[in-house]
Amino acid sequence: MTNIKRAGTSLADAKKAAILIHGRGASAESILSLAQYLQLDEYALLAPEAAGGTWYPYSFMAPDEANRTALALSLETVKDAWNQVVEAGISSENTVLIGFSQGACLSLEFAAQHAQKLGGVIAFTGGLIGEQLMPEKYAGDFSGTPIFIGSSERDIHVPLDRIKESETLLSRMGAKVKLLIFKDSNHTIRKEEIDWVNENIL
């Protein structure tokens with residue numbers, strides 16, 4: 001049984017939804033605390049929780065076989081949250097995926113494997129998953145969906161090269177990708193990222 005925590009406006013009453021995906025070692029509750037900084041007052045909030053606090057055991061750029069089983073289960077967990085939004089009658093264009101770190105990678109991966117017009121994808125430090133990017137894994141058309149990726153230029157977990165590769169692939173799939181890359185080396189979510197997302201996506 002998928003563990004999905006809910007907050008914000010009820011699914012029955014909401015016209016918009018956000019699926020928030022936590023990072024490694026974190027929880028659904030911790031990612032939901034982002035709502036106090038993001039303009040999500042009108043949104044139904046759904047936050048799936050990873051078993052053991054991790055969506056996949058190794059780096060998002062580890063050999064594909066190493067993460068394959070856990071990643072498949074994690075993508076199914078996100079799909080469960082997505083299905084709840086669909087069943088509530090909320091359109092994809094009014095649905096946003098938001099993640100940090102491992103959750104940002106999972107958000108981008110799920111979106112790219114089910115590309116369609118979304119309200120947005122907000123990836124605080126993340127990139128598409130895989131030892132190497134394989135465009136044949138992905139299908140669909142983002143039809144102008146805004147995708148935000150913010151990160152340090154020398155993040156210890158997410159190399160800038162992978163962020164730029166992800167930007168290229170997502171753009172080819174019809175997304176409007178915005179990168180905000182910072183000079184610091186902090187693995188965090190910055191006020192500048194929050195401000196940009198609030199002004200341009202939410």
# chains A, B, ... in the order shown; residues from 1 in each chain; ligands from 1
>>> select_by_dssp(residues="segment 24-172 of chain A", states="alpha helix (DSSP H)", output="PyMOL selection string")
chain A and resi 28-32+64-87+102-113+160-172
>>> write_last_selection(atoms="N, CA and C atoms", output="short mmCIF file (atom, residue, chain, number, x, y, z; two decimals), in the first residue's frame")
data_model
loop_
_atom_site.label_atom_id
_atom_site.label_comp_id
_atom_site.auth_asym_id
_atom_site.auth_seq_id
_atom_site.Cartn_x
_atom_site.Cartn_y
_atom_site.Cartn_z
N ALA A 28 7.83 12.47 3.71
CA ALA A 28 6.72 13.21 3.12
C ALA A 28 6.45 14.48 3.93
N GLU A 29 6.50 14.34 5.24
CA GLU A 29 6.23 15.50 6.11
C GLU A 29 7.24 16.62 5.86
N SER A 30 8.51 16.26 5.69
CA SER A 30 9.54 17.29 5.50
C SER A 30 9.35 18.04 4.19
N ILE A 31 9.01 17.34 3.11
CA ILE A 31 8.82 18.05 1.83
C ILE A 31 7.53 18.88 1.86
N LEU A 32 6.53 18.43 2.61
CA LEU A 32 5.30 19.23 2.73
C LEU A 32 5.56 20.56 3.43
N ASP A 64 22.50 1.42 -14.51
CA ASP A 64 21.04 1.30 -14.46
C ASP A 64 20.56 0.08 -13.67
N GLU A 65 21.28 -1.03 -13.79
CA GLU A 65 20.85 -2.27 -13.13
C GLU A 65 20.82 -2.11 -11.61
N ALA A 66 21.72 -1.28 -11.07
CA ALA A 66 21.83 -1.12 -9.62
C ALA A 66 20.57 -0.53 -9.01
N ASN A 67 19.94 0.40 -9.70
CA ASN A 67 18.76 1.08 -9.17
C ASN A 67 17.45 0.56 -9.76
N ARG A 68 17.53 -0.35 -10.72
CA ARG A 68 16.37 -0.66 -11.57
C ARG A 68 15.11 -1.04 -10.77
N THR A 69 15.23 -2.00 -9.86
CA THR A 69 14.04 -2.50 -9.16
C THR A 69 13.44 -1.42 -8.26
N ALA A 70 14.28 -0.77 -7.47
CA ALA A 70 13.78 0.27 -6.56
C ALA A 70 13.20 1.45 -7.34
N LEU A 71 13.86 1.82 -8.42
CA LEU A 71 13.37 2.95 -9.21
C LEU A 71 12.01 2.65 -9.83
N ALA A 72 11.83 1.44 -10.32
CA ALA A 72 10.54 1.07 -10.91
C ALA A 72 9.43 1.16 -9.87
N LEU A 73 9.70 0.69 -8.67
CA LEU A 73 8.71 0.78 -7.59
C LEU A 73 8.41 2.23 -7.23
N SER A 74 9.46 3.04 -7.20
CA SER A 74 9.30 4.45 -6.84
C SER A 74 8.49 5.21 -7.89
N LEU A 75 8.73 4.92 -9.15
CA LEU A 75 7.94 5.55 -10.21
C LEU A 75 6.48 5.13 -10.11
N GLU A 76 6.24 3.88 -9.70
CA GLU A 76 4.86 3.42 -9.49
C GLU A 76 4.20 4.17 -8.33
N THR A 77 4.99 4.46 -7.30
CA THR A 77 4.47 5.20 -6.15
C THR A 77 4.04 6.61 -6.57
N VAL A 78 4.86 7.26 -7.39
CA VAL A 78 4.49 8.58 -7.90
C VAL A 78 3.24 8.46 -8.78
N LYS A 79 3.17 7.38 -9.56
CA LYS A 79 2.00 7.17 -10.42
C LYS A 79 0.73 7.00 -9.58
N ASP A 80 0.86 6.37 -8.42
CA ASP A 80 -0.30 6.24 -7.53
C ASP A 80 -0.82 7.62 -7.11
N ALA A 81 0.10 8.51 -6.75
CA ALA A 81 -0.30 9.87 -6.38
C ALA A 81 -0.92 10.58 -7.58
N TRP A 82 -0.29 10.40 -8.75
CA TRP A 82 -0.81 11.00 -9.99
C TRP A 82 -2.23 10.52 -10.26
N ASN A 83 -2.46 9.22 -10.11
CA ASN A 83 -3.78 8.65 -10.38
C ASN A 83 -4.84 9.23 -9.45
N GLN A 84 -4.47 9.50 -8.21
CA GLN A 84 -5.43 10.11 -7.27
C GLN A 84 -5.84 11.51 -7.75
N VAL A 85 -4.88 12.23 -8.31
CA VAL A 85 -5.17 13.57 -8.84
C VAL A 85 -6.10 13.46 -10.05
N VAL A 86 -5.78 12.54 -10.95
CA VAL A 86 -6.61 12.33 -12.15
C VAL A 86 -8.04 11.94 -11.76
N GLU A 87 -8.13 11.02 -10.82
CA GLU A 87 -9.45 10.53 -10.39
C GLU A 87 -10.28 11.64 -9.73
N GLN A 102 17.08 13.80 -4.57
CA GLN A 102 16.61 12.54 -5.13
C GLN A 102 15.16 12.68 -5.61
N GLY A 103 14.36 13.45 -4.88
CA GLY A 103 12.98 13.70 -5.28
C GLY A 103 12.87 14.55 -6.53
N ALA A 104 13.84 15.45 -6.72
CA ALA A 104 13.87 16.26 -7.95
C ALA A 104 14.17 15.38 -9.15
N CYS A 105 15.12 14.46 -8.98
CA CYS A 105 15.45 13.52 -10.07
C CYS A 105 14.24 12.67 -10.42
N LEU A 106 13.54 12.19 -9.38
CA LEU A 106 12.37 11.34 -9.62
C LEU A 106 11.25 12.13 -10.29
N SER A 107 11.08 13.38 -9.89
CA SER A 107 10.06 14.25 -10.52
C SER A 107 10.32 14.41 -12.01
N LEU A 108 11.58 14.71 -12.35
CA LEU A 108 11.93 14.90 -13.76
C LEU A 108 11.77 13.60 -14.55
N GLU A 109 12.19 12.49 -13.93
CA GLU A 109 12.11 11.20 -14.62
C GLU A 109 10.66 10.80 -14.87
N PHE A 110 9.82 10.95 -13.85
CA PHE A 110 8.40 10.61 -14.02
C PHE A 110 7.77 11.48 -15.10
N ALA A 111 8.04 12.77 -15.05
CA ALA A 111 7.45 13.70 -16.02
C ALA A 111 7.89 13.35 -17.44
N ALA A 112 9.17 13.03 -17.62
CA ALA A 112 9.69 12.74 -18.96
C ALA A 112 9.17 11.42 -19.50
N GLN A 113 8.89 10.46 -18.60
CA GLN A 113 8.35 9.19 -19.06
C GLN A 113 6.85 9.28 -19.36
N LEU A 160 26.75 19.37 -12.92
CA LEU A 160 26.18 20.38 -13.82
C LEU A 160 26.02 19.82 -15.23
N ASP A 161 26.94 18.98 -15.67
CA ASP A 161 26.84 18.39 -17.01
C ASP A 161 25.53 17.63 -17.18
N ARG A 162 25.11 16.88 -16.15
CA ARG A 162 23.87 16.12 -16.24
C ARG A 162 22.66 17.05 -16.25
N ILE A 163 22.73 18.13 -15.50
CA ILE A 163 21.63 19.10 -15.52
C ILE A 163 21.47 19.67 -16.93
N LYS A 164 22.59 20.01 -17.56
CA LYS A 164 22.53 20.60 -18.91
C LYS A 164 22.08 19.57 -19.95
N GLU A 165 22.52 18.33 -19.80
CA GLU A 165 22.03 17.26 -20.69
C GLU A 165 20.52 17.09 -20.54
N SER A 166 20.07 17.15 -19.30
CA SER A 166 18.63 17.00 -19.03
C SER A 166 17.86 18.15 -19.66
N GLU A 167 18.40 19.35 -19.52
CA GLU A 167 17.76 20.53 -20.12
C GLU A 167 17.59 20.35 -21.62
N THR A 168 18.63 19.87 -22.28
CA THR A 168 18.58 19.68 -23.73
C THR A 168 17.50 18.67 -24.12
N LEU A 169 17.48 17.54 -23.42
CA LEU A 169 16.51 16.49 -23.76
C LEU A 169 15.08 16.96 -23.48
N LEU A 170 14.86 17.58 -22.33
CA LEU A 170 13.51 18.05 -21.99
C LEU A 170 13.04 19.14 -22.96
N SER A 171 13.95 19.99 -23.37
CA SER A 171 13.60 21.05 -24.33
C SER A 171 13.19 20.44 -25.67
N ARG A 172 13.90 19.40 -26.08
CA ARG A 172 13.55 18.72 -27.35
C ARG A 172 12.17 18.08 -27.27
#
>>> closest_atom_pairs(of="segment 3-110 of chain A", to="segment 119-139 of chain A", cutoff="6 Å", atoms="only C-alpha atoms", output="Markdown table")
| residue | atom | partner | partner_atom | distance |
| --- | --- | --- | --- | --- |
| A:Phe60 | CA | A:Ile129 | CA | 5.2 |
| A:Met61 | CA | A:Glu131 | CA | 4.3 |
| A:Ala62 | CA | A:Glu131 | CA | 5.2 |
| A:Pro63 | CA | A:Glu131 | CA | 5.0 |
| A:Asp64 | CA | A:Gly130 | CA | 5.7 |
| A:Glu93 | CA | A:Gly119 | CA | 4.5 |
| A:Asn94 | CA | A:Gly119 | CA | 4.8 |
| A:Thr95 | CA | A:Gly119 | CA | 5.0 |
| A:Val96 | CA | A:Gly120 | CA | 4.8 |
| A:Leu97 | CA | A:Val121 | CA | 4.8 |
| A:Ile98 | CA | A:Ile122 | CA | 4.6 |
| A:Gly99 | CA | A:Ala123 | CA | 5.3 |
| A:Phe100 | CA | A:Phe124 | CA | 4.7 |
| A:Ser101 | CA | A:Thr125 | CA | 5.0 |
| A:Ala104 | CA | A:Ala123 | CA | 4.4 |
| A:Cys105 | CA | A:Gly126 | CA | 4.6 |
| A:Leu108 | CA | A:Leu128 | CA | 5.8 |
| A:Glu109 | CA | A:Leu128 | CA | 5.4 |
>>> write_last_selection(atoms="C-alpha atoms", output="PDB file, in the first residue's frame")
ATOM      1  CA  PHE A  60      20.983   8.632  -9.851  1.00  0.00           C
ATOM      2  CA  MET A  61      23.868   8.167 -12.318  1.00  0.00           C
ATOM      3  CA  ALA A  62      24.836   4.669 -11.099  1.00  0.00           C
ATOM      4  CA  PRO A  63      24.707   1.749 -13.563  1.00  0.00           C
ATOM      5  CA  ASP A  64      21.038   1.303 -14.462  1.00  0.00           C
ATOM      6  CA  GLU A  93      -2.305  21.338 -16.889  1.00  0.00           C
ATOM      7  CA  ASN A  94      -3.219  22.178 -13.296  1.00  0.00           C
ATOM      8  CA  THR A  95      -0.841  19.643 -11.758  1.00  0.00           C
ATOM      9  CA  VAL A  96       2.713  20.418 -10.659  1.00  0.00           C
ATOM     10  CA  LEU A  97       5.518  18.025  -9.693  1.00  0.00           C
ATOM     11  CA  ILE A  98       7.935  19.356  -7.062  1.00  0.00           C
ATOM     12  CA  GLY A  99      11.014  17.597  -5.709  1.00  0.00           C
ATOM     13  CA  PHE A 100      14.314  18.145  -3.942  1.00  0.00           C
ATOM     14  CA  SER A 101      17.524  16.223  -4.672  1.00  0.00           C
ATOM     15  CA  ALA A 104      13.873  16.263  -7.953  1.00  0.00           C
ATOM     16  CA  CYS A 105      15.453  13.522 -10.066  1.00  0.00           C
ATOM     17  CA  LEU A 108      11.928  14.901 -13.763  1.00  0.00           C
ATOM     18  CA  GLU A 109      12.112  11.195 -14.615  1.00  0.00           C
TER      19      GLU A 109
END
>>> select_by_dssp(residues="chain A", states="strand (DSSP E or B)", output="count of residues only")
44
>>> atom_distance(atom1="atom CA of Tyr37 of chain A", atom2="atom CA of Val197 of chain A")
10.4 Å
>>> atom_distance(atom1="atom CA of Ile149 of chain A", atom2="atom CA of Ala115 of chain A")
16.6 Å
>>> residues_around(residues="Ala7 of chain A", least_positions_apart="4", cutoff="10 Å", atoms="only C-alpha atoms", output="number ranges by chain")
A: 11, 18, 29, 32, 35, 43-47
>>> write_last_selection(atoms="C-alpha atoms", output="PDB file, in the first residue's frame")
ATOM      1  CA  LEU A  11      -8.750  16.782  -3.573  1.00  0.00           C
ATOM      2  CA  ALA A  18       0.972  19.441  -6.454  1.00  0.00           C
ATOM      3  CA  GLU A  29       6.235  15.499   6.107  1.00  0.00           C
ATOM      4  CA  LEU A  32       5.300  19.229   2.731  1.00  0.00           C
ATOM      5  CA  ALA A  35       4.399  24.644   1.223  1.00  0.00           C
ATOM      6  CA  TYR A  43      -3.492  23.338  -4.277  1.00  0.00           C
ATOM      7  CA  ALA A  44      -4.254  19.855  -3.044  1.00  0.00           C
ATOM      8  CA  LEU A  45      -0.874  18.574  -1.856  1.00  0.00           C
ATOM      9  CA  LEU A  46       0.141  14.923  -2.153  1.00  0.00           C
ATOM     10  CA  ALA A  47       3.481  13.690  -0.834  1.00  0.00           C
TER      11      ALA A  47
END
>>> residues_around(residues="Lys191 of chain A", least_positions_apart="3", cutoff="12 Å", atoms="only C-alpha atoms", output="PyMOL selection string")
chain A and resi 34+37-38+124+150+180+182+188+194-198
>>> write_last_selection(atoms="C-alpha atoms", output="mmCIF file, in the first residue's frame")
data_model
loop_
_atom_site.group_PDB
_atom_site.id
_atom_site.type_symbol
_atom_site.label_atom_id
_atom_site.label_comp_id
_atom_site.auth_asym_id
_atom_site.auth_seq_id
_atom_site.Cartn_x
_atom_site.Cartn_y
_atom_site.Cartn_z
ATOM 1 C CA LEU A 34 8.013 23.571 1.643
ATOM 2 C CA TYR A 37 7.371 29.072 1.237
ATOM 3 C CA LEU A 38 5.712 28.202 -2.077
ATOM 4 C CA PHE A 124 15.400 21.729 -6.715
ATOM 5 C CA GLY A 150 17.966 25.054 -9.684
ATOM 6 C CA LEU A 180 19.181 28.762 -12.139
ATOM 7 C CA PHE A 182 24.522 29.198 -8.309
ATOM 8 C CA THR A 188 19.961 23.205 -0.544
ATOM 9 C CA ILE A 194 11.642 29.882 -4.345
ATOM 10 C CA ASP A 195 11.071 33.434 -5.595
ATOM 11 C CA TRP A 196 11.501 32.462 -9.267
ATOM 12 C CA VAL A 197 9.135 29.510 -8.967
ATOM 13 C CA ASN A 198 6.482 31.566 -7.160
#
>>> atom_distance(atom1="atom CA of Asn3 of chain A", atom2="atom CA of His157 of chain A")
26.3 Å
>>> closest_residue(among="A:Val177, A:Ile90, A:Leu118, A:Ile189", to="Ala12 of chain A", atoms="only C-alpha atoms")
A:Ile90
>>> residues_around(residues="Asp184 of chain A", least_positions_apart="5", cutoff="10 Å", atoms="only C-alpha atoms", output="list of chain:residue names")
A:Ser151, A:Ser152, A:Glu153, A:Arg154, A:Asp155
